[in-house]
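The next block is data04.txt, given as compact mmCIF, C-alpha atoms.
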# COMPACT_ATOMS: atom_id res chain seq x y z
CA MET A 1 48.65 -87.81 17.43
CA ASN A 2 52.27 -86.98 18.00
CA GLU A 3 52.39 -85.40 14.55
CA LEU A 4 49.30 -83.22 15.37
CA SER A 5 50.90 -82.22 18.67
CA GLY A 6 54.05 -81.38 16.87
CA ILE A 7 52.22 -79.29 14.34
CA LEU A 8 50.28 -77.38 17.03
CA SER A 9 53.46 -76.80 19.03
CA ALA A 10 55.35 -75.52 16.00
CA PRO A 11 56.29 -71.86 16.45
CA ILE A 12 54.79 -69.45 13.91
CA ALA A 13 55.78 -66.04 15.37
CA GLN A 14 57.96 -64.52 18.01
CA LEU A 15 57.27 -61.31 19.93
CA GLY A 16 60.39 -60.39 21.78
CA ALA A 17 61.23 -63.36 24.03
CA THR A 18 57.73 -64.88 23.64
CA ILE A 19 57.27 -67.59 21.03
CA ILE A 20 53.75 -68.01 19.64
CA THR A 21 52.87 -71.51 18.44
CA LEU A 22 50.19 -72.54 15.99
CA GLY A 23 48.04 -74.04 18.75
CA GLN A 24 48.10 -70.82 20.73
CA ALA A 25 47.16 -68.85 17.68
CA LEU A 26 44.23 -71.18 16.92
CA GLY A 27 43.03 -71.01 20.54
CA PHE A 28 43.16 -67.24 20.54
CA ALA A 29 41.22 -67.16 17.27
CA ALA A 30 38.58 -69.48 18.74
CA LEU A 31 38.18 -67.26 21.82
CA LEU A 32 37.89 -64.20 19.61
CA PHE A 33 35.20 -65.89 17.49
CA VAL A 34 33.19 -66.83 20.60
CA ALA A 35 33.43 -63.25 21.90
CA LEU A 36 32.21 -61.86 18.56
CA VAL A 37 29.26 -64.26 18.57
CA ALA A 38 28.37 -63.17 22.12
CA VAL A 39 28.58 -59.50 21.20
CA LEU A 40 26.37 -60.11 18.17
CA MET A 41 23.75 -61.89 20.28
CA ILE A 42 23.71 -59.03 22.80
CA ALA A 43 23.32 -56.46 19.99
CA LEU A 44 20.44 -58.43 18.46
CA TRP A 45 18.74 -58.65 21.86
CA ARG A 46 19.07 -54.91 22.46
CA SER A 47 17.80 -54.13 18.96
CA ALA A 48 14.72 -56.30 19.50
CA ARG A 49 14.06 -54.61 22.83
CA ALA A 50 14.46 -51.14 21.28
CA ARG A 51 12.02 -52.04 18.49
CA ALA A 52 9.49 -53.20 21.04
CA VAL A 53 9.83 -49.96 23.02
CA ALA A 54 9.57 -47.90 19.80
CA ALA A 55 6.44 -49.81 18.78
CA ALA A 56 4.87 -49.07 22.16
CA GLU A 57 5.73 -45.38 21.90
CA ALA A 58 4.40 -45.26 18.34
CA ALA A 59 1.12 -46.78 19.52
CA ASP A 60 0.86 -44.15 22.30
CA HIS A 61 1.62 -41.35 19.85
CA ALA A 62 -0.99 -42.75 17.42
CA ARG A 63 -3.63 -42.72 20.16
CA ASP A 64 -2.72 -39.17 21.12
CA ALA A 65 -2.81 -38.11 17.47
CA GLU A 66 -6.25 -39.70 16.99
CA ALA A 67 -7.55 -37.86 20.05
CA ARG A 68 -6.12 -34.55 18.84
CA MET A 69 -7.45 -35.17 15.35
CA ALA A 70 -10.92 -35.79 16.75
CA GLY A 71 -10.71 -32.51 18.68
CA ILE A 72 -9.47 -30.69 15.58
CA LEU A 73 -12.30 -32.13 13.46
CA GLN A 74 -14.86 -31.07 16.05
CA ALA A 75 -13.41 -27.56 16.25
CA GLN A 76 -13.30 -27.42 12.45
CA ALA A 77 -16.94 -28.44 12.23
CA GLU A 78 -17.89 -25.71 14.71
CA MET A 79 -15.80 -23.19 12.78
CA GLN A 80 -17.42 -24.19 9.49
CA GLY A 81 -20.83 -23.72 11.05
CA ARG A 82 -19.93 -20.24 12.30
CA LEU A 83 -18.39 -19.28 8.95
CA GLY A 84 -21.49 -20.59 7.18
CA THR A 85 -23.63 -18.35 9.41
CA VAL A 86 -21.39 -15.36 8.69
CA ALA A 87 -21.49 -16.14 4.95
CA ASP A 88 -25.31 -16.34 5.02
CA ILE A 89 -25.55 -13.00 6.83
CA PHE A 90 -23.05 -11.40 4.45
CA GLY A 91 -24.87 -12.84 1.40
CA ALA A 92 -28.19 -11.47 2.66
CA ARG A 93 -26.68 -8.04 3.30
CA GLN A 94 -24.98 -8.06 -0.10
CA ALA A 95 -28.25 -9.03 -1.81
CA GLU A 96 -30.05 -6.17 -0.04
CA LEU A 97 -27.27 -3.78 -1.01
CA THR A 98 -27.34 -4.94 -4.64
CA GLN A 99 -31.11 -4.55 -4.76
CA SER A 100 -30.92 -1.05 -3.26
CA LEU A 101 -28.18 0.00 -5.71
CA GLY A 102 -30.16 -1.45 -8.61
CA GLN A 103 -33.27 0.49 -7.58
CA ARG A 104 -31.30 3.73 -7.22
CA LEU A 105 -29.54 3.25 -10.55
CA ASP A 106 -32.85 2.47 -12.25
CA ALA A 107 -34.39 5.60 -10.77
CA MET A 108 -31.39 7.70 -11.82
CA THR A 109 -31.44 6.17 -15.33
CA GLY A 110 -35.13 6.95 -15.62
CA ARG A 111 -34.60 10.57 -14.55
CA ILE A 112 -31.66 10.97 -16.94
CA GLY A 113 -33.69 9.46 -19.80
CA GLN A 114 -36.63 11.73 -19.02
CA THR A 115 -34.32 14.75 -18.95
CA MET A 116 -32.78 13.74 -22.29
CA VAL A 117 -36.24 13.36 -23.82
CA GLU A 118 -37.24 16.77 -22.52
CA GLN A 119 -34.01 18.29 -23.81
CA THR A 120 -34.52 16.68 -27.24
CA LYS A 121 -38.05 17.99 -27.35
CA SER A 122 -36.82 21.43 -26.37
CA THR A 123 -34.19 21.31 -29.13
CA HIS A 124 -36.81 20.33 -31.72
CA ASP A 125 -39.05 23.15 -30.51
CA SER A 126 -36.14 25.57 -30.80
CA LEU A 127 -35.43 24.38 -34.34
CA ALA A 128 -39.09 24.82 -35.26
CA LYS A 129 -39.08 28.30 -33.80
CA LEU A 130 -35.85 29.03 -35.67
CA GLN A 131 -37.45 27.95 -38.92
CA GLU A 132 -40.39 30.21 -38.16
CA ARG A 133 -37.98 33.06 -37.49
CA LEU A 134 -36.17 32.38 -40.76
CA ALA A 135 -39.50 32.51 -42.53
CA VAL A 136 -40.25 35.80 -40.83
CA ILE A 137 -36.81 37.06 -41.86
CA ASP A 138 -37.44 36.03 -45.47
CA THR A 139 -40.72 37.90 -45.36
CA ALA A 140 -39.06 40.91 -43.82
CA GLN A 141 -36.53 41.11 -46.67
CA GLY A 142 -39.31 42.53 -48.85
CA ASN A 143 -39.58 45.52 -46.50
CA ILE A 144 -35.93 46.52 -46.82
CA GLN A 145 -36.77 49.38 -49.15
CA SER A 146 -39.02 50.92 -46.53
CA LEU A 147 -36.12 50.85 -44.08
CA ALA A 148 -33.70 52.71 -46.36
CA GLY A 149 -33.18 55.53 -43.91
CA GLN A 150 -32.16 53.16 -41.15
CA VAL A 151 -29.88 51.30 -43.53
CA VAL A 152 -28.16 54.55 -44.48
CA GLN A 153 -27.66 55.33 -40.82
CA LEU A 154 -26.28 51.85 -40.22
CA GLN A 155 -23.97 52.28 -43.22
CA ALA A 156 -22.68 55.49 -41.71
CA ILE A 157 -21.97 53.63 -38.51
CA LEU A 158 -20.23 50.83 -40.37
CA SER A 159 -18.08 53.17 -42.45
CA ASN A 160 -15.52 53.20 -39.66
CA LYS A 161 -13.60 49.92 -39.46
CA GLN A 162 -13.27 50.00 -35.68
CA THR A 163 -16.94 50.84 -35.22
CA ARG A 164 -17.89 48.05 -37.62
CA GLY A 165 -15.73 45.57 -35.75
CA ALA A 166 -17.26 46.68 -32.46
CA PHE A 167 -20.75 46.23 -33.93
CA GLY A 168 -20.06 42.65 -35.08
CA GLN A 169 -18.26 41.90 -31.82
CA SER A 170 -21.18 43.20 -29.74
CA ARG A 171 -23.74 41.15 -31.67
CA MET A 172 -21.65 38.01 -31.30
CA GLU A 173 -21.03 38.64 -27.59
CA THR A 174 -24.74 39.21 -26.99
CA ILE A 175 -25.69 35.92 -28.65
CA VAL A 176 -23.00 33.96 -26.78
CA ALA A 177 -23.70 35.58 -23.39
CA ASP A 178 -27.46 34.95 -23.74
CA GLY A 179 -27.01 31.28 -24.63
CA LEU A 180 -24.13 30.08 -22.41
CA PRO A 181 -23.53 30.26 -18.65
CA LEU A 182 -20.69 32.27 -17.14
CA GLY A 183 -17.36 30.47 -17.30
CA ALA A 184 -18.28 28.57 -20.47
CA TYR A 185 -16.82 31.28 -22.74
CA GLU A 186 -14.12 33.95 -22.78
CA PHE A 187 -13.82 37.06 -24.94
CA GLN A 188 -10.45 38.26 -26.28
CA ALA A 189 -8.61 35.30 -24.76
CA THR A 190 -4.90 34.86 -25.52
CA LEU A 191 -3.83 31.59 -27.16
CA SER A 192 -0.45 29.88 -26.89
CA ASN A 193 0.70 31.58 -30.12
CA ASN A 194 -0.17 35.02 -28.61
CA ASN A 195 -3.18 35.49 -30.93
CA ARG A 196 -6.44 36.74 -29.43
CA PRO A 197 -9.68 35.49 -31.02
CA ASP A 198 -12.90 37.40 -30.49
CA CYS A 199 -14.52 34.58 -28.53
CA LEU A 200 -13.35 31.26 -27.10
CA VAL A 201 -16.09 28.77 -26.16
CA LYS A 202 -14.89 26.20 -23.62
CA MET A 203 -16.03 22.66 -24.41
CA PRO A 204 -16.78 20.08 -21.68
CA ASN A 205 -14.68 17.06 -20.61
CA GLY A 206 -11.38 18.81 -21.31
CA ALA A 207 -12.03 19.05 -25.06
CA PRO A 208 -10.33 21.84 -27.04
CA SER A 209 -12.12 25.20 -27.14
CA LEU A 210 -14.14 26.53 -30.09
CA VAL A 211 -12.97 29.78 -31.73
CA ILE A 212 -15.45 32.39 -33.04
CA ASP A 213 -14.17 35.27 -35.20
CA ALA A 214 -16.34 38.39 -35.72
CA LYS A 215 -14.00 40.42 -37.98
CA PHE A 216 -15.93 40.06 -41.24
CA PRO A 217 -14.47 42.21 -44.11
CA LEU A 218 -17.30 44.54 -45.16
CA GLU A 219 -15.26 47.00 -47.29
CA ALA A 220 -15.42 44.91 -50.48
CA TRP A 221 -19.03 44.01 -49.74
CA ASN A 222 -19.97 47.66 -49.52
CA ALA A 223 -18.12 48.19 -52.84
CA ILE A 224 -20.31 45.48 -54.42
CA ARG A 225 -23.46 47.17 -53.11
CA ALA A 226 -22.23 50.55 -54.33
CA ALA A 227 -21.46 49.17 -57.82
CA ALA A 228 -24.90 47.53 -57.95
CA ASP A 229 -26.57 50.91 -57.41
CA VAL A 230 -24.79 52.36 -60.47
CA GLU A 231 -26.43 51.41 -63.77
CA GLY A 232 -24.17 49.99 -66.49
CA ALA A 233 -21.26 49.37 -64.11
CA ALA A 234 -20.81 45.66 -64.86
CA ASP A 235 -17.02 45.93 -64.82
CA ALA A 236 -17.09 47.72 -61.48
CA GLN A 237 -19.34 45.00 -60.02
CA LYS A 238 -16.99 42.34 -61.37
CA TYR A 239 -13.91 44.01 -59.85
CA ALA A 240 -15.74 44.53 -56.55
CA ALA A 241 -16.77 40.84 -56.50
CA GLN A 242 -13.17 39.77 -57.16
CA ALA A 243 -11.92 42.07 -54.38
CA PHE A 244 -14.54 40.70 -51.98
CA ARG A 245 -13.60 37.13 -52.90
CA ARG A 246 -9.89 37.92 -52.40
CA ASP A 247 -10.43 39.66 -49.05
CA LEU A 248 -12.62 36.83 -47.78
CA GLU A 249 -10.07 34.20 -48.86
CA VAL A 250 -7.33 36.11 -47.03
CA HIS A 251 -9.53 36.34 -43.93
CA ILE A 252 -10.36 32.61 -44.07
CA LYS A 253 -6.65 31.78 -44.37
CA ALA A 254 -5.80 34.08 -41.46
CA ILE A 255 -8.40 32.41 -39.22
CA SER A 256 -7.09 28.95 -40.17
CA GLU A 257 -3.46 29.87 -39.48
CA LYS A 258 -3.98 31.87 -36.28
CA TYR A 259 -6.75 30.10 -34.43
CA LEU A 260 -6.63 26.39 -35.43
CA ILE A 261 -4.10 24.99 -32.93
CA SER A 262 -3.92 21.23 -32.50
CA GLY A 263 -4.79 20.16 -28.95
CA GLU A 264 -5.72 23.69 -27.86
CA THR A 265 -8.64 24.63 -30.13
CA GLN A 266 -11.17 22.67 -32.15
CA ASP A 267 -10.22 21.71 -35.68
CA THR A 268 -13.14 23.90 -36.87
CA ALA A 269 -13.66 27.65 -36.28
CA PHE A 270 -16.69 29.93 -36.79
CA MET A 271 -16.54 33.08 -38.92
CA PHE A 272 -19.41 35.29 -37.80
CA VAL A 273 -21.31 37.36 -40.40
CA PRO A 274 -23.36 40.05 -38.58
CA SER A 275 -26.15 40.15 -41.20
CA GLU A 276 -28.57 37.52 -42.46
CA SER A 277 -28.79 39.20 -45.88
CA ILE A 278 -25.00 39.17 -46.35
CA PHE A 279 -24.93 35.51 -45.26
CA ALA A 280 -27.63 34.63 -47.82
CA GLU A 281 -25.86 36.62 -50.56
CA ILE A 282 -22.57 34.80 -49.92
CA HIS A 283 -24.23 31.38 -50.18
CA GLU A 284 -26.11 32.39 -53.29
CA ASN A 285 -23.44 34.20 -55.34
CA PHE A 286 -20.13 33.10 -53.79
CA GLU A 287 -20.58 29.36 -53.35
CA SER A 288 -16.90 28.73 -54.13
CA LEU A 289 -15.93 30.79 -51.06
CA VAL A 290 -18.20 28.63 -48.91
CA HIS A 291 -16.52 25.46 -50.23
CA ARG A 292 -13.09 26.97 -49.72
CA ALA A 293 -14.00 27.83 -46.13
CA HIS A 294 -15.21 24.27 -45.57
CA ARG A 295 -11.93 22.90 -46.89
CA ALA A 296 -10.07 25.24 -44.53
CA ARG A 297 -12.36 23.98 -41.69
CA ILE A 298 -13.98 27.39 -41.29
CA VAL A 299 -17.78 27.56 -40.92
CA ILE A 300 -19.49 30.80 -41.96
CA VAL A 301 -22.39 31.51 -39.57
CA SER A 302 -25.06 34.16 -39.46
CA PRO A 303 -26.65 35.43 -36.21
CA SER A 304 -29.39 32.80 -36.45
CA LEU A 305 -26.96 29.94 -37.11
CA LEU A 306 -24.67 31.16 -34.31
CA MET A 307 -27.63 31.21 -31.96
CA LEU A 308 -28.54 27.66 -32.99
CA SER A 309 -24.93 26.51 -32.52
CA ILE A 310 -24.81 28.12 -29.06
CA GLN A 311 -28.01 26.30 -28.11
CA VAL A 312 -26.50 22.99 -29.24
CA ILE A 313 -23.36 23.71 -27.17
CA GLN A 314 -25.58 24.54 -24.21
CA ALA A 315 -27.30 21.17 -24.59
CA ILE A 316 -23.88 19.48 -24.72
CA LEU A 317 -22.84 21.27 -21.51
CA LYS A 318 -26.02 20.15 -19.76
CA ASP A 319 -25.42 16.58 -20.91
CA ALA A 320 -21.84 16.78 -19.61
CA ARG A 321 -23.08 17.96 -16.21
CA MET A 322 -25.54 15.06 -16.08
CA ARG A 323 -22.75 12.67 -16.98
CA GLU A 324 -20.66 14.13 -14.16
CA GLN A 325 -23.45 13.23 -11.74
CA ALA A 326 -23.46 9.71 -13.18
CA HIS A 327 -19.70 9.53 -12.54
CA LEU A 328 -20.30 10.56 -8.93
CA ILE A 329 -22.72 7.67 -8.51
CA GLN A 330 -20.22 5.32 -10.13
CA GLY A 331 -17.53 6.60 -7.77
CA GLU A 332 -19.78 5.89 -4.77
CA VAL A 333 -20.40 2.37 -6.08
CA ILE A 334 -16.63 1.85 -6.47
CA ARG A 335 -16.02 3.03 -2.91
CA LEU A 336 -18.80 0.72 -1.74
CA MET A 337 -17.09 -2.22 -3.45
CA GLU A 338 -13.83 -1.22 -1.74
CA ASP A 339 -15.65 -1.37 1.62
CA VAL A 340 -16.95 -4.82 0.69
CA GLY A 341 -13.37 -5.89 -0.13
CA ARG A 342 -12.16 -4.64 3.24
CA LEU A 343 -15.00 -6.53 4.94
CA ASP A 344 -13.94 -9.72 3.13
CA GLU A 345 -10.34 -9.16 4.23
CA ARG A 346 -11.40 -8.71 7.84
CA VAL A 347 -13.53 -11.87 7.71
CA ARG A 348 -10.48 -13.76 6.47
CA LYS A 349 -8.43 -12.29 9.35
CA LEU A 350 -11.18 -13.44 11.74
CA GLN A 351 -10.93 -16.92 10.21
CA THR A 352 -7.17 -16.86 10.88
CA HIS A 353 -7.82 -15.85 14.49
CA PHE A 354 -10.26 -18.77 14.84
CA GLY A 355 -7.57 -21.12 13.53
CA GLN A 356 -5.05 -19.73 16.04
CA ALA A 357 -7.65 -20.16 18.81
CA SER A 358 -8.11 -23.79 17.76
CA ARG A 359 -4.35 -24.36 17.99
CA ASP A 360 -4.27 -22.69 21.43
CA ILE A 361 -7.07 -25.00 22.59
CA ASP A 362 -5.03 -27.99 21.43
CA ASP A 363 -2.06 -26.72 23.50
CA ILE A 364 -4.36 -26.26 26.49
CA LEU A 365 -5.60 -29.85 26.08
CA VAL A 366 -1.99 -31.07 26.09
CA SER A 367 -1.29 -29.10 29.27
CA SER A 368 -4.49 -30.41 30.91
CA SER A 369 -3.48 -33.98 30.04
CA LYS A 370 -0.14 -33.40 31.73
CA VAL A 371 -1.90 -31.98 34.79
CA THR A 372 -4.17 -35.05 34.84
CA LYS A 373 -1.16 -37.37 34.78
CA ARG A 374 0.42 -35.40 37.61
CA GLY A 375 -2.82 -35.80 39.57
CA GLU A 376 -2.75 -39.54 38.97
CA LYS A 377 0.78 -39.64 40.36
CA ILE A 378 -0.35 -37.71 43.44
CA GLU A 379 -3.25 -40.16 43.88
CA ALA A 380 -0.68 -43.01 43.90
CA LEU A 381 0.97 -41.57 47.06
CA GLU A 382 0.65 -43.89 50.16
CA PHE A 383 0.04 -42.46 53.67
CA GLY A 384 0.37 -44.67 56.82
CA ALA A 385 1.61 -44.80 60.49
CA SER A 386 5.09 -46.02 61.40
CA HIS A 387 5.25 -49.43 63.26
CA PRO A 388 8.20 -51.42 64.54
CA GLY A 389 7.68 -54.04 61.90
CA GLU A 390 7.83 -51.41 59.24
CA ALA A 391 11.50 -50.76 59.89
CA ASP A 392 12.39 -54.09 58.42
CA GLU A 393 10.04 -53.44 55.54
CA ALA A 394 11.64 -50.02 55.01
CA ALA A 395 15.01 -51.69 55.01
CA LYS A 396 13.94 -53.96 52.17
CA PRO A 397 15.03 -52.90 48.70
CA GLN A 398 12.33 -50.86 46.97
CA ALA A 399 11.35 -50.87 43.37
CA PRO A 400 13.78 -49.11 41.12
CA ASN A 401 11.17 -46.44 40.25
CA ALA A 402 9.93 -45.86 43.84
CA ARG A 403 11.08 -43.00 46.05
CA VAL A 404 10.46 -42.96 49.82
CA ALA A 405 10.18 -39.75 51.86
CA ASP A 406 10.23 -40.03 55.69
CA SER A 407 8.91 -37.36 58.01
CA LYS A 408 10.91 -36.03 60.97
CA THR A 409 8.37 -37.37 63.50
CA GLY A 410 8.31 -40.80 61.98
CA GLN A 411 4.55 -40.71 61.63
CA LEU A 412 4.37 -40.14 57.85
CA ARG A 413 6.01 -42.04 55.07
CA LEU A 414 5.43 -41.27 51.41
CA ARG A 415 6.27 -43.50 48.54
CA VAL A 416 6.07 -42.02 45.07
CA VAL A 417 5.67 -44.47 42.26
CA GLU A 418 6.74 -43.05 38.90
CA GLU A 419 5.71 -44.58 35.67
CA SER A 420 8.41 -46.14 33.59
CA ASP A 421 9.14 -44.61 30.23

Take the structure in this file and express it as structure tokens.
Amino acid sequence: MNELSGILSAPIAQLGATIITLGQALGFAALLFVALVAVLMIALWRSARARAVAAAEAADHARDAEARMAGILQAQAEMQGRLGTVADIFGARQAELTQSLGQRLDAMTGRIGQTMVEQTKSTHDSLAKLQERLAVIDTAQGNIQSLAGQVVQLQAILSNKQTRGAFGQSRMETIVADGLPLGAYEFQATLSNNNRPDCLVKMPNGAPSLVIDAKFPLEAWNAIRAAADVEGAADAQKYAAQAFRRDLEVHIKAISEKYLISGETQDTAFMFVPSESIFAEIHENFESLVHRAHRARIVIVSPSLLMLSIQVIQAILKDARMREQAHLIQGEVIRLMEDVGRLDERVRKLQTHFGQASRDIDDILVSSSKVTKRGEKIEALEFGASHPGEADEAAKPQAPNARVADSKTGQLRLRVVEESD
């Protein structure tokens, strides 16, 4: 025992004049350990209390969330019903619109088809009439001898180059003007290379124009006819035929170089021959010139063939105008679909507004719940008369959450009880 007392009283440190023994150090350590244990117990108690409070608050929040969720589900069900009604109405209107458009398109297609059939029939009738006219022309060739005087007069007219060119130009202009509407052709138009063809037929849909040339070289042809009238002039006929072939080749080359412009004119041009007999003679005795013209993308046409070509172009122009009307209908349908798209966008905006209204209703419900709680607090107010015995009661300590309000007359006392958090 004395040894233990000696050990505990043995000094282990010195702070200034104070000597710290082992027993004092152990006692201080024991007190510190007890204090730490007490602090730990208090912390555990507070943590348990905080968890309990948090659990209670979580339960309240869960109940509030369930109530709000029920309200949201109800509002969503109502909104789905309204949107379903709107969708049904829109589907019915769209079906009616689709049916109406289908009927109109069917009617328009039927009219266009009927017009095309009529136009095809008209074209066949024109071709039949053209064949009849060609037959009449073939028959009339036998009467050329009886018209010698008129031919001589015509030859006198054609002896002048300018007069001859004006004659071919006038025949070509008459055929074109009779077959095409105004604005579909242009005489003596200037091209981008400063050349001026006799006629420029404007094609539809922005396609390049068709060039018609009426400057047929008749000098060599007249030489051939003059050599044929002389008996025993085979060499003269041969030289005249070579000169005619050379002049026609030069003219074909000139048309190809001057009037065939990529992107501005068609890749084929017409060379107008003002006489059916000359046209037939060229195809019968100068077949190589016809092939050469085809290779140069030049088509030799007589008045009858030019008239037929103009009628075909007229049919193409009519078809283009009908197609323009079809494009107008298509444009109206496109604009109608744009209106439908805008209607869909506005319905979606209305759906967004409904969602915002639902959120505003939820906020109103929160505010009304707060007002209800305030009303419950007001209902908890106590009203009573002041008595002598109540002074002692008023002097008693009140609940920590109670507030007392006294009136100046002493006749009214209010006690507000607030709910604890």

**Prompt:** Rounded to one decimal in Å, what is the spacing between CA of Arg133 in chain A and CA of Ile224 in chain A?
**Reply:** 27.4 Å

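Taking CA of Phe28 in chain A as the reference point, CA of Met41 in chain A is found at 20.1 Å.
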
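Separating CA of Ile7 in chain A from CA of Val37 in chain A is a distance of 27.8 Å.
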
**Message:** List the spatial neighbours of Leu317 in chain A as a PyMOL selection string - criterion: any atom at most 12 Å away, all atoms listed in the file, same-chain residues fewer than 6 positions off excluded.
**Reply:** chain A and resi 119+179-181+183-185+201-207+310-311+323-324

Extract, using only C-alpha atoms, all DNA, RNA and protein residues at most 9 Å from Ile261 in chain A, discarding same-chain residues fewer than 6 positions from it, and format them as a PDB file with C-alpha atoms, keeping the file's coordinate frame.
ATOM      1  CA  LEU A 191      -3.830  31.590 -27.160  1.00  0.00           C
ATOM      2  CA  SER A 192      -0.450  29.880 -26.890  1.00  0.00           C
ATOM      3  CA  ASN A 193       0.700  31.580 -30.120  1.00  0.00           C
ATOM      4  CA  ASP A 267     -10.220  21.710 -35.680  1.00  0.00           C
TER       5      ASP A 267
END

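Nearest residue to Gln314 in chain A among A:Ile19, A:Leu182, A:Ala38, A:Ala70 is A:Leu182, counting only C-alpha atoms.
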
**Message:** For Thr123 in chain A, find every residue with an atom within 12 Å (counting all atoms listed in the file), except residues of its own chain fewer than 2 positions away, and show them as an NGL selection string.
**Reply:** :A and (116-121 or 125-130 or 308-316)

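In terms of minimum interatomic distance to Gln76 in chain A, A:Gln351 ranks closest within A:Gly91, A:Leu260, A:Gln351, A:Arg292, counting all atoms listed in the file.
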
All file atoms of range 170-188 of chain A boxed axis-aligned, 8 Å per side, centre plus edges, as AutoDock Vina command-line options:
--center_x -19.0 --center_y 35.9 --center_z -24.4 --size_x 33.0 --size_y 30.6 --size_z 30.5

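Around Arg348 in chain A, within 12 Å and counting only C-alpha atoms, the residues found are Leu83, Val86, Ala87, Gly341, Arg342, Leu343, His353, Phe354 and Gly355 of chain A, once anything fewer than 5 positions away on its own chain is removed.
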
**Prompt:** Between A:Leu305, A:Leu134, A:Ala29, A:Met108, which one has atoms that come closest to Pro274 in chain A, using all atoms listed in the file?
**Reply:** A:Leu305

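Ranking A:Thr109, A:Gln80, A:Ser9, A:Ser369 by their shortest atom-to-atom distance to Ile329 in chain A, with all atoms listed in the file included, puts A:Thr109 first.
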
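Counting only C-alpha atoms, Gln330 in chain A has the following residues at most 12 Å away, ignoring those fewer than 5 positions along the same chain: Leu101, Arg104, Leu105, Met108, Arg323, Glu324, Gln325, Arg335, Leu336 and Met337 of chain A.
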